[in-house]
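Engineer: Data file work.cif (mmCIF, N, CA and C atoms) is appended below.
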data_protein
loop_
_atom_site.label_atom_id
_atom_site.label_comp_id
_atom_site.auth_asym_id
_atom_site.auth_seq_id
_atom_site.Cartn_x
_atom_site.Cartn_y
_atom_site.Cartn_z
N SER T 1 0.82 -1.21 0.00
CA SER T 1 0.00 0.00 0.00
C SER T 1 0.85 1.26 0.00
N GLU T 2 2.15 1.10 -0.23
CA GLU T 2 3.03 2.26 -0.22
C GLU T 2 4.10 2.11 -1.31
N ILE T 3 4.31 3.19 -2.04
CA ILE T 3 5.39 3.26 -3.02
C ILE T 3 6.41 4.24 -2.44
N THR T 4 7.63 3.79 -2.24
CA THR T 4 8.67 4.64 -1.68
C THR T 4 9.87 4.64 -2.62
N VAL T 5 9.94 5.68 -3.43
CA VAL T 5 11.07 5.85 -4.35
C VAL T 5 11.41 7.34 -4.40
N PRO T 6 12.68 7.67 -4.62
CA PRO T 6 13.10 9.07 -4.62
C PRO T 6 12.94 9.76 -5.97
N ALA T 7 11.75 9.68 -6.55
CA ALA T 7 11.51 10.22 -7.89
C ALA T 7 10.88 11.61 -7.88
N GLY T 8 10.57 12.14 -6.70
CA GLY T 8 9.92 13.44 -6.64
C GLY T 8 8.62 13.39 -7.43
N GLU T 9 8.36 14.45 -8.18
CA GLU T 9 7.16 14.48 -9.04
C GLU T 9 7.54 14.35 -10.51
N GLY T 10 8.71 13.74 -10.75
CA GLY T 10 9.12 13.49 -12.13
C GLY T 10 8.23 12.44 -12.78
N ARG T 11 8.21 12.44 -14.07
CA ARG T 11 7.39 11.49 -14.84
C ARG T 11 8.27 10.37 -15.40
N THR T 12 7.68 9.19 -15.53
CA THR T 12 8.40 8.04 -16.07
C THR T 12 7.53 7.33 -17.10
N ALA T 13 8.07 7.10 -18.27
CA ALA T 13 7.35 6.39 -19.33
C ALA T 13 7.64 4.89 -19.19
N VAL T 14 7.01 4.27 -18.19
CA VAL T 14 7.25 2.85 -17.92
C VAL T 14 6.58 1.98 -18.98
N VAL T 15 7.17 0.82 -19.23
CA VAL T 15 6.70 -0.08 -20.28
C VAL T 15 6.34 -1.43 -19.67
N ASP T 16 5.25 -2.00 -20.12
CA ASP T 16 4.84 -3.34 -19.69
C ASP T 16 5.83 -4.36 -20.28
N VAL T 17 6.36 -5.21 -19.41
CA VAL T 17 7.34 -6.20 -19.86
C VAL T 17 6.74 -7.13 -20.92
N GLY T 18 5.44 -7.34 -20.88
CA GLY T 18 4.79 -8.16 -21.92
C GLY T 18 4.89 -7.51 -23.29
N ASP T 19 4.75 -6.18 -23.33
CA ASP T 19 4.93 -5.45 -24.59
C ASP T 19 6.37 -5.58 -25.07
N LEU T 20 7.32 -5.48 -24.15
CA LEU T 20 8.73 -5.62 -24.52
C LEU T 20 9.01 -7.00 -25.08
N ALA T 21 8.45 -8.02 -24.45
CA ALA T 21 8.67 -9.39 -24.92
C ALA T 21 8.10 -9.57 -26.33
N GLU T 22 6.93 -9.01 -26.57
CA GLU T 22 6.30 -9.12 -27.89
C GLU T 22 7.18 -8.46 -28.97
N VAL T 23 7.71 -7.29 -28.66
CA VAL T 23 8.59 -6.59 -29.60
C VAL T 23 9.90 -7.34 -29.78
N ALA T 24 10.44 -7.91 -28.71
CA ALA T 24 11.69 -8.66 -28.81
C ALA T 24 11.54 -9.84 -29.75
N VAL T 25 10.43 -10.55 -29.65
CA VAL T 25 10.18 -11.69 -30.55
C VAL T 25 10.17 -11.22 -31.99
N ARG T 26 9.47 -10.12 -32.25
CA ARG T 26 9.41 -9.60 -33.62
C ARG T 26 10.79 -9.17 -34.11
N ALA T 27 11.53 -8.48 -33.25
CA ALA T 27 12.85 -7.99 -33.65
C ALA T 27 13.82 -9.13 -33.92
N LEU T 28 13.68 -10.22 -33.17
CA LEU T 28 14.61 -11.34 -33.31
C LEU T 28 14.22 -12.32 -34.41
N THR T 29 13.00 -12.22 -34.90
CA THR T 29 12.53 -13.18 -35.91
C THR T 29 12.24 -12.55 -37.27
N CYS T 30 12.45 -11.26 -37.39
CA CYS T 30 12.16 -10.57 -38.65
C CYS T 30 13.37 -9.74 -39.05
N ARG T 31 13.88 -9.99 -40.22
CA ARG T 31 15.08 -9.31 -40.69
C ARG T 31 14.89 -7.80 -40.88
N ASP T 32 13.65 -7.34 -40.95
CA ASP T 32 13.39 -5.91 -41.14
C ASP T 32 13.98 -5.05 -40.03
N HIS T 33 14.26 -5.66 -38.89
CA HIS T 33 14.75 -4.90 -37.73
C HIS T 33 16.26 -5.00 -37.56
N GLU T 34 16.91 -5.75 -38.42
CA GLU T 34 18.35 -5.95 -38.32
C GLU T 34 19.08 -4.61 -38.47
N GLY T 35 19.97 -4.34 -37.50
CA GLY T 35 20.76 -3.12 -37.55
C GLY T 35 20.00 -1.86 -37.17
N ARG T 36 18.78 -1.99 -36.70
CA ARG T 36 17.96 -0.83 -36.32
C ARG T 36 17.94 -0.67 -34.81
N ALA T 37 17.73 0.52 -34.36
CA ALA T 37 17.62 0.82 -32.93
C ALA T 37 16.29 1.52 -32.68
N TYR T 38 15.68 1.21 -31.56
CA TYR T 38 14.40 1.80 -31.20
C TYR T 38 14.46 2.30 -29.77
N GLU T 39 13.70 3.33 -29.49
CA GLU T 39 13.55 3.83 -28.13
C GLU T 39 12.15 3.44 -27.67
N LEU T 40 12.09 2.41 -26.85
CA LEU T 40 10.81 1.84 -26.46
C LEU T 40 10.30 2.48 -25.18
N THR T 41 9.22 3.21 -25.30
CA THR T 41 8.59 3.85 -24.15
C THR T 41 7.09 3.61 -24.21
N ALA T 42 6.45 3.80 -23.09
CA ALA T 42 4.99 3.77 -23.07
C ALA T 42 4.48 5.02 -23.80
N SER T 43 3.19 5.08 -24.01
CA SER T 43 2.61 6.26 -24.65
C SER T 43 2.23 7.31 -23.61
N GLU T 44 2.41 6.98 -22.33
CA GLU T 44 2.10 7.91 -21.25
C GLU T 44 3.28 7.92 -20.28
N ALA T 45 3.43 9.03 -19.57
CA ALA T 45 4.52 9.15 -18.60
C ALA T 45 3.94 9.73 -17.31
N PRO T 46 3.38 8.88 -16.47
CA PRO T 46 2.78 9.38 -15.22
C PRO T 46 3.82 9.70 -14.16
N THR T 47 3.44 10.54 -13.22
CA THR T 47 4.24 10.74 -12.02
C THR T 47 3.96 9.54 -11.11
N TRP T 48 4.80 9.36 -10.09
CA TRP T 48 4.55 8.26 -9.16
C TRP T 48 3.32 8.55 -8.30
N SER T 49 2.96 9.81 -8.13
CA SER T 49 1.70 10.14 -7.46
C SER T 49 0.53 9.65 -8.30
N GLU T 50 0.63 9.81 -9.61
CA GLU T 50 -0.42 9.32 -10.51
C GLU T 50 -0.45 7.79 -10.53
N VAL T 51 0.71 7.15 -10.45
CA VAL T 51 0.75 5.69 -10.36
C VAL T 51 0.02 5.24 -9.11
N ALA T 52 0.31 5.88 -7.98
CA ALA T 52 -0.36 5.53 -6.72
C ALA T 52 -1.86 5.74 -6.83
N ALA T 53 -2.29 6.83 -7.46
CA ALA T 53 -3.72 7.10 -7.62
C ALA T 53 -4.38 6.05 -8.50
N THR T 54 -3.71 5.63 -9.56
CA THR T 54 -4.24 4.59 -10.44
C THR T 54 -4.36 3.28 -9.68
N LEU T 55 -3.32 2.90 -8.95
CA LEU T 55 -3.39 1.66 -8.17
C LEU T 55 -4.48 1.74 -7.12
N SER T 56 -4.64 2.89 -6.48
CA SER T 56 -5.71 3.07 -5.49
C SER T 56 -7.07 2.82 -6.12
N ALA T 57 -7.29 3.39 -7.29
CA ALA T 57 -8.58 3.24 -7.96
C ALA T 57 -8.83 1.79 -8.38
N VAL T 58 -7.82 1.15 -8.91
CA VAL T 58 -7.98 -0.23 -9.38
C VAL T 58 -8.15 -1.20 -8.21
N LEU T 59 -7.38 -0.99 -7.16
CA LEU T 59 -7.40 -1.92 -6.03
C LEU T 59 -8.50 -1.62 -5.02
N GLY T 60 -9.07 -0.43 -5.10
CA GLY T 60 -10.13 -0.07 -4.17
C GLY T 60 -9.64 0.17 -2.76
N ARG T 61 -8.39 0.54 -2.62
CA ARG T 61 -7.81 0.88 -1.31
C ARG T 61 -6.71 1.91 -1.54
N PRO T 62 -6.38 2.67 -0.51
CA PRO T 62 -5.36 3.70 -0.71
C PRO T 62 -3.96 3.11 -0.94
N VAL T 63 -3.29 3.64 -1.92
CA VAL T 63 -1.87 3.38 -2.15
C VAL T 63 -1.21 4.75 -2.07
N VAL T 64 -0.25 4.88 -1.18
CA VAL T 64 0.39 6.16 -0.90
C VAL T 64 1.77 6.20 -1.56
N TYR T 65 2.08 7.34 -2.14
CA TYR T 65 3.42 7.54 -2.71
C TYR T 65 4.24 8.38 -1.73
N ARG T 66 5.32 7.80 -1.26
CA ARG T 66 6.28 8.51 -0.41
C ARG T 66 7.49 8.82 -1.30
N HIS T 67 7.91 10.05 -1.31
CA HIS T 67 9.03 10.43 -2.17
C HIS T 67 10.15 11.05 -1.35
N PRO T 68 10.90 10.18 -0.68
CA PRO T 68 12.02 10.67 0.12
C PRO T 68 13.14 11.19 -0.78
N GLY T 69 14.02 11.98 -0.18
CA GLY T 69 15.24 12.38 -0.89
C GLY T 69 16.15 11.17 -1.00
N ALA T 70 17.25 11.34 -1.68
CA ALA T 70 18.17 10.22 -1.94
C ALA T 70 18.71 9.60 -0.65
N VAL T 71 19.13 10.41 0.30
CA VAL T 71 19.70 9.87 1.54
C VAL T 71 18.64 9.13 2.34
N ALA T 72 17.46 9.72 2.47
CA ALA T 72 16.37 9.06 3.20
C ALA T 72 15.97 7.76 2.50
N PHE T 73 15.99 7.76 1.18
CA PHE T 73 15.66 6.53 0.45
C PHE T 73 16.70 5.45 0.73
N LEU T 74 17.96 5.81 0.72
CA LEU T 74 19.02 4.82 0.99
C LEU T 74 18.87 4.24 2.40
N ARG T 75 18.50 5.07 3.36
CA ARG T 75 18.23 4.57 4.72
C ARG T 75 17.05 3.61 4.70
N HIS T 76 15.98 3.99 4.02
CA HIS T 76 14.78 3.14 3.91
C HIS T 76 15.14 1.81 3.24
N ALA T 77 15.91 1.87 2.18
CA ALA T 77 16.31 0.65 1.46
C ALA T 77 17.11 -0.26 2.39
N HIS T 78 18.03 0.31 3.14
CA HIS T 78 18.85 -0.48 4.08
C HIS T 78 17.95 -1.16 5.11
N ARG T 79 17.02 -0.40 5.69
CA ARG T 79 16.09 -0.96 6.69
C ARG T 79 15.20 -2.05 6.07
N SER T 80 14.94 -1.92 4.78
CA SER T 80 14.08 -2.89 4.09
C SER T 80 14.84 -4.12 3.60
N GLY T 81 16.17 -4.12 3.81
CA GLY T 81 16.98 -5.28 3.41
C GLY T 81 17.48 -5.25 1.99
N ILE T 82 17.35 -4.11 1.32
CA ILE T 82 17.86 -4.00 -0.05
C ILE T 82 19.37 -3.77 0.04
N PRO T 83 20.17 -4.60 -0.62
CA PRO T 83 21.63 -4.43 -0.57
C PRO T 83 22.05 -3.05 -1.09
N ALA T 84 23.19 -2.58 -0.61
CA ALA T 84 23.67 -1.24 -0.95
C ALA T 84 23.82 -1.01 -2.45
N GLY T 85 24.36 -1.99 -3.18
CA GLY T 85 24.56 -1.82 -4.63
C GLY T 85 23.25 -1.57 -5.38
N PRO T 86 22.28 -2.47 -5.27
CA PRO T 86 21.00 -2.23 -5.94
C PRO T 86 20.32 -0.95 -5.45
N ALA T 87 20.44 -0.62 -4.17
CA ALA T 87 19.83 0.61 -3.65
C ALA T 87 20.46 1.83 -4.30
N ALA T 88 21.79 1.80 -4.50
CA ALA T 88 22.47 2.91 -5.16
C ALA T 88 22.03 3.05 -6.61
N VAL T 89 21.88 1.91 -7.30
CA VAL T 89 21.41 1.94 -8.69
C VAL T 89 19.99 2.51 -8.75
N MET T 90 19.11 2.05 -7.85
CA MET T 90 17.74 2.57 -7.80
C MET T 90 17.75 4.08 -7.56
N THR T 91 18.60 4.53 -6.64
CA THR T 91 18.69 5.96 -6.35
C THR T 91 19.09 6.73 -7.61
N GLY T 92 20.07 6.23 -8.34
CA GLY T 92 20.48 6.89 -9.57
C GLY T 92 19.37 6.93 -10.61
N LEU T 93 18.69 5.81 -10.78
CA LEU T 93 17.61 5.75 -11.77
C LEU T 93 16.46 6.69 -11.41
N TYR T 94 16.08 6.68 -10.15
CA TYR T 94 14.98 7.56 -9.73
C TYR T 94 15.40 9.02 -9.70
N THR T 95 16.68 9.31 -9.54
CA THR T 95 17.16 10.68 -9.62
C THR T 95 16.99 11.20 -11.05
N VAL T 96 17.22 10.35 -12.02
CA VAL T 96 16.97 10.72 -13.42
C VAL T 96 15.50 11.13 -13.59
N THR T 97 14.61 10.37 -12.98
CA THR T 97 13.18 10.71 -13.03
C THR T 97 12.92 12.03 -12.31
N ARG T 98 13.47 12.17 -11.09
CA ARG T 98 13.27 13.39 -10.30
C ARG T 98 13.70 14.63 -11.09
N LEU T 99 14.75 14.49 -11.88
CA LEU T 99 15.27 15.62 -12.66
C LEU T 99 14.48 15.87 -13.95
N GLY T 100 13.46 15.05 -14.21
CA GLY T 100 12.63 15.24 -15.40
C GLY T 100 13.22 14.68 -16.67
N LEU T 101 14.13 13.70 -16.54
CA LEU T 101 14.82 13.17 -17.71
C LEU T 101 14.28 11.81 -18.17
N ALA T 102 13.18 11.35 -17.56
CA ALA T 102 12.62 10.04 -17.92
C ALA T 102 11.20 10.16 -18.46
N ASP T 103 10.80 11.37 -18.83
CA ASP T 103 9.42 11.60 -19.23
C ASP T 103 9.16 11.51 -20.73
N ARG T 104 10.19 11.28 -21.48
CA ARG T 104 10.06 11.24 -22.94
C ARG T 104 9.26 10.03 -23.39
N THR T 105 8.36 10.25 -24.30
CA THR T 105 7.62 9.14 -24.92
C THR T 105 7.90 9.17 -26.42
N THR T 106 7.91 7.99 -27.00
CA THR T 106 8.09 7.88 -28.45
C THR T 106 6.96 7.01 -28.99
N GLY T 107 6.81 6.96 -30.26
CA GLY T 107 5.82 6.08 -30.86
C GLY T 107 6.38 4.74 -31.29
N ASP T 108 7.68 4.51 -31.01
CA ASP T 108 8.33 3.29 -31.49
C ASP T 108 7.64 2.02 -31.02
N LEU T 109 7.31 1.94 -29.74
CA LEU T 109 6.71 0.72 -29.21
C LEU T 109 5.37 0.44 -29.89
N GLY T 110 4.53 1.45 -29.99
CA GLY T 110 3.23 1.26 -30.63
C GLY T 110 3.35 0.86 -32.09
N ARG T 111 4.29 1.48 -32.81
CA ARG T 111 4.49 1.12 -34.21
C ARG T 111 4.94 -0.33 -34.35
N LEU T 112 5.86 -0.75 -33.49
CA LEU T 112 6.36 -2.12 -33.56
C LEU T 112 5.30 -3.14 -33.14
N LEU T 113 4.46 -2.77 -32.18
CA LEU T 113 3.39 -3.67 -31.73
C LEU T 113 2.23 -3.72 -32.72
N GLY T 114 2.06 -2.64 -33.47
CA GLY T 114 0.90 -2.55 -34.34
C GLY T 114 -0.37 -2.24 -33.56
N ARG T 115 -0.20 -1.71 -32.35
CA ARG T 115 -1.31 -1.34 -31.47
C ARG T 115 -0.77 -0.39 -30.41
N SER T 116 -1.65 0.18 -29.64
CA SER T 116 -1.20 1.05 -28.55
C SER T 116 -0.52 0.22 -27.46
N PRO T 117 0.55 0.75 -26.87
CA PRO T 117 1.18 0.04 -25.76
C PRO T 117 0.20 -0.10 -24.59
N THR T 118 0.43 -1.08 -23.76
CA THR T 118 -0.40 -1.30 -22.58
C THR T 118 -0.31 -0.09 -21.67
N THR T 119 -1.45 0.41 -21.24
CA THR T 119 -1.47 1.56 -20.33
C THR T 119 -1.21 1.10 -18.90
N LEU T 120 -0.86 2.04 -18.06
CA LEU T 120 -0.66 1.74 -16.64
C LEU T 120 -1.93 1.15 -16.05
N ARG T 121 -3.07 1.75 -16.35
CA ARG T 121 -4.34 1.26 -15.79
C ARG T 121 -4.61 -0.17 -16.26
N ALA T 122 -4.43 -0.45 -17.55
CA ALA T 122 -4.66 -1.81 -18.06
C ALA T 122 -3.72 -2.80 -17.40
N PHE T 123 -2.46 -2.41 -17.19
CA PHE T 123 -1.49 -3.27 -16.52
C PHE T 123 -1.95 -3.54 -15.08
N ALA T 124 -2.35 -2.48 -14.38
CA ALA T 124 -2.80 -2.63 -12.99
C ALA T 124 -4.02 -3.53 -12.91
N GLU T 125 -4.95 -3.36 -13.82
CA GLU T 125 -6.16 -4.20 -13.81
C GLU T 125 -5.81 -5.66 -14.10
N ALA T 126 -4.91 -5.89 -15.02
CA ALA T 126 -4.53 -7.27 -15.38
C ALA T 126 -3.77 -7.97 -14.25
N HIS T 127 -3.08 -7.21 -13.42
CA HIS T 127 -2.23 -7.79 -12.38
C HIS T 127 -2.69 -7.44 -10.96
N ALA T 128 -3.92 -6.98 -10.83
CA ALA T 128 -4.43 -6.54 -9.52
C ALA T 128 -4.31 -7.62 -8.46
N ASP T 129 -4.50 -8.86 -8.82
CA ASP T 129 -4.42 -9.94 -7.82
C ASP T 129 -3.05 -10.02 -7.17
N ALA T 130 -2.01 -9.61 -7.86
CA ALA T 130 -0.66 -9.64 -7.28
C ALA T 130 -0.53 -8.67 -6.11
N TRP T 131 -1.35 -7.61 -6.09
CA TRP T 131 -1.29 -6.61 -5.03
C TRP T 131 -2.37 -6.81 -3.97
N ARG T 132 -3.21 -7.79 -4.15
CA ARG T 132 -4.29 -7.99 -3.18
C ARG T 132 -3.90 -8.96 -2.11
#
Show how you would write the structure in this file as C-alpha cells.

Structural biologist:
Amino acid sequence: SEITVPAGEGRTAVVDVGDLAEVAVRALTCRDHEGRAYELTASEAPTWSEVAATLSAVLGRPVVYRHPGAVAFLRHAHRSGIPAGPAAVMTGLYTVTRLGLADRTTGDLGRLLGRSPTTLRAFAEAHADAWR
C-alpha cells in the first residue's frame, strides 16, 4: 500500500514487460529490424503520485506515494533489506526521473506492436491480484 522511491514528481514512461517481450520476438525473428535501434517507451509518462492514484482506484484501497530524498531513500532501502549496490542503482535511476529526464515518450513501441502500448491502468487491472 506504499510506493517509496526518490523520484519526486518526475514522470516516467514505464513499459509493460509483456509489450517488450512481444517486440523482442518480432525484432529477433524478422530481418526488417536488423541493424535498427528503437527507443521503447509507453505512450504515457505518469508521475509516481499518478501511479499511486491509479493503483488506489484499481485496487479499491489507498496506495500512498512517499518520495524521500536520496539519503532518506538509501536509509529506507537499508532498513528494508535492499543491498547497498541495488539501492544505489535505484537511487540513480529515480534521480533521473526526479530531474525530469525520464518523461520522454516515443511512438516506437506502438508502431512495432501494431497497437497502442499497454497503459498503466490496463497493466494494474490485469495484475491486480498480485497486489491484493

Engineer: Which one of T:Val58, T:Gly35, T:Ser49, T:Leu40 sits closest to Ala126 (chain T) if you count only C-alpha atoms?

Structural biologist: T:Val58

Engineer: What would the selection look like, as a PyMOL selection string, if the PyMOL selection byres ((chain T and resi 106-116) around 8) were run on the coordinates I just shared?

Structural biologist: chain T and resi 13+19+22-23+26+38-44+103-105+117-119

Engineer: Restricted to N, CA and C atoms, what would the selected residues look like written as an mmCIF file, in the frame of the given file?

Structural biologist:
data_model
loop_
_atom_site.group_PDB
_atom_site.id
_atom_site.type_symbol
_atom_site.label_atom_id
_atom_site.label_comp_id
_atom_site.auth_asym_id
_atom_site.auth_seq_id
_atom_site.Cartn_x
_atom_site.Cartn_y
_atom_site.Cartn_z
ATOM 1 N N ALA T 13 8.070 7.100 -18.270
ATOM 2 C CA ALA T 13 7.350 6.390 -19.330
ATOM 3 C C ALA T 13 7.640 4.890 -19.190
ATOM 4 N N ASP T 19 4.750 -6.180 -23.330
ATOM 5 C CA ASP T 19 4.930 -5.450 -24.590
ATOM 6 C C ASP T 19 6.370 -5.580 -25.070
ATOM 7 N N GLU T 22 6.930 -9.010 -26.570
ATOM 8 C CA GLU T 22 6.300 -9.120 -27.890
ATOM 9 C C GLU T 22 7.180 -8.460 -28.970
ATOM 10 N N VAL T 23 7.710 -7.290 -28.660
ATOM 11 C CA VAL T 23 8.590 -6.590 -29.600
ATOM 12 C C VAL T 23 9.900 -7.340 -29.780
ATOM 13 N N ARG T 26 9.470 -10.120 -32.250
ATOM 14 C CA ARG T 26 9.410 -9.600 -33.620
ATOM 15 C C ARG T 26 10.790 -9.170 -34.110
ATOM 16 N N TYR T 38 15.680 1.210 -31.560
ATOM 17 C CA TYR T 38 14.400 1.800 -31.200
ATOM 18 C C TYR T 38 14.460 2.300 -29.770
ATOM 19 N N GLU T 39 13.700 3.330 -29.490
ATOM 20 C CA GLU T 39 13.550 3.830 -28.130
ATOM 21 C C GLU T 39 12.150 3.440 -27.670
ATOM 22 N N LEU T 40 12.090 2.410 -26.850
ATOM 23 C CA LEU T 40 10.810 1.840 -26.460
ATOM 24 C C LEU T 40 10.300 2.480 -25.180
ATOM 25 N N THR T 41 9.220 3.210 -25.300
ATOM 26 C CA THR T 41 8.590 3.850 -24.150
ATOM 27 C C THR T 41 7.090 3.610 -24.210
ATOM 28 N N ALA T 42 6.450 3.800 -23.090
ATOM 29 C CA ALA T 42 4.990 3.770 -23.070
ATOM 30 C C ALA T 42 4.480 5.020 -23.800
ATOM 31 N N SER T 43 3.190 5.080 -24.010
ATOM 32 C CA SER T 43 2.610 6.260 -24.650
ATOM 33 C C SER T 43 2.230 7.310 -23.610
ATOM 34 N N GLU T 44 2.410 6.980 -22.330
ATOM 35 C CA GLU T 44 2.100 7.910 -21.250
ATOM 36 C C GLU T 44 3.280 7.920 -20.280
ATOM 37 N N ASP T 103 10.800 11.370 -18.830
ATOM 38 C CA ASP T 103 9.420 11.600 -19.230
ATOM 39 C C ASP T 103 9.160 11.510 -20.730
ATOM 40 N N ARG T 104 10.190 11.280 -21.480
ATOM 41 C CA ARG T 104 10.060 11.240 -22.940
ATOM 42 C C ARG T 104 9.260 10.030 -23.390
ATOM 43 N N THR T 105 8.360 10.250 -24.300
ATOM 44 C CA THR T 105 7.620 9.140 -24.920
ATOM 45 C C THR T 105 7.900 9.170 -26.420
ATOM 46 N N PRO T 117 0.550 0.750 -26.870
ATOM 47 C CA PRO T 117 1.180 0.040 -25.760
ATOM 48 C C PRO T 117 0.200 -0.100 -24.590
ATOM 49 N N THR T 118 0.430 -1.080 -23.760
ATOM 50 C CA THR T 118 -0.400 -1.300 -22.580
ATOM 51 C C THR T 118 -0.310 -0.090 -21.670
ATOM 52 N N THR T 119 -1.450 0.410 -21.240
ATOM 53 C CA THR T 119 -1.470 1.560 -20.330
ATOM 54 C C THR T 119 -1.210 1.100 -18.900
#

Engineer: Pick out the residues sitting within 7 Å of Tyr94 (chain T), and hand them over as a list of chain:residue names; count all atoms listed in the file, and ignore anything fewer than 5 positions along from it in its own chain.

Structural biologist: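 With the cut-off at 7 Å, the set is T:Val5, T:Pro6, T:Ala7, T:Gly8, T:Val89, T:Leu99.
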
Engineer: One decimal, in Å: what's the spacing between atom N of Thr4 (chain T) and atom N of Phe73 (chain T)?

Structural biologist: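 Distance between the two atoms: 9.9 Å.
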
Engineer: What's the separation between atom N of Leu55 (chain T) and CA of Met90 (chain T), in Å to one decimal place?

Structural biologist: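 Calculated distance between atom N of Leu55 (chain T) and CA of Met90 (chain T) is 21.1 Å.
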
Engineer: Can I get region 52-59 of chain T with all heavy atoms filled in, as a compact mmCIF listing (two decimals), in the coordinates of the input?

Structural biologist:
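Writing done, so here's result_18.txt:
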# COMPACT_ATOMS: atom_id res chain seq x y z
N ALA T 52 0.31 5.88 -7.98
CA ALA T 52 -0.36 5.53 -6.72
C ALA T 52 -1.86 5.74 -6.83
O ALA T 52 -2.65 4.91 -6.36
CB ALA T 52 0.22 6.34 -5.57
N ALA T 53 -2.29 6.83 -7.46
CA ALA T 53 -3.72 7.10 -7.62
C ALA T 53 -4.38 6.05 -8.50
O ALA T 53 -5.50 5.57 -8.21
CB ALA T 53 -3.94 8.50 -8.21
N THR T 54 -3.71 5.63 -9.56
CA THR T 54 -4.24 4.59 -10.44
C THR T 54 -4.36 3.28 -9.68
O THR T 54 -5.40 2.60 -9.75
CB THR T 54 -3.36 4.41 -11.70
OG1 THR T 54 -3.36 5.64 -12.43
CG2 THR T 54 -3.86 3.28 -12.58
N LEU T 55 -3.32 2.90 -8.95
CA LEU T 55 -3.39 1.66 -8.17
C LEU T 55 -4.48 1.74 -7.12
O LEU T 55 -5.20 0.76 -6.89
CB LEU T 55 -2.03 1.37 -7.53
CG LEU T 55 -0.92 0.97 -8.49
CD1 LEU T 55 0.42 0.87 -7.75
CD2 LEU T 55 -1.24 -0.33 -9.20
N SER T 56 -4.64 2.89 -6.48
CA SER T 56 -5.71 3.07 -5.49
C SER T 56 -7.07 2.82 -6.12
O SER T 56 -7.92 2.11 -5.55
CB SER T 56 -5.67 4.48 -4.89
OG SER T 56 -4.49 4.70 -4.16
N ALA T 57 -7.29 3.39 -7.29
CA ALA T 57 -8.58 3.24 -7.96
C ALA T 57 -8.83 1.79 -8.38
O ALA T 57 -9.93 1.27 -8.19
CB ALA T 57 -8.63 4.15 -9.19
N VAL T 58 -7.82 1.15 -8.91
CA VAL T 58 -7.98 -0.23 -9.38
C VAL T 58 -8.15 -1.20 -8.21
O VAL T 58 -8.99 -2.10 -8.26
CB VAL T 58 -6.78 -0.65 -10.26
CG1 VAL T 58 -6.78 -2.15 -10.54
CG2 VAL T 58 -6.79 0.13 -11.58
N LEU T 59 -7.38 -0.99 -7.16
CA LEU T 59 -7.40 -1.92 -6.03
C LEU T 59 -8.50 -1.62 -5.02
O LEU T 59 -8.83 -2.46 -4.18
CB LEU T 59 -6.04 -1.92 -5.31
CG LEU T 59 -4.86 -2.35 -6.16
CD1 LEU T 59 -3.56 -2.16 -5.39
CD2 LEU T 59 -5.02 -3.79 -6.63
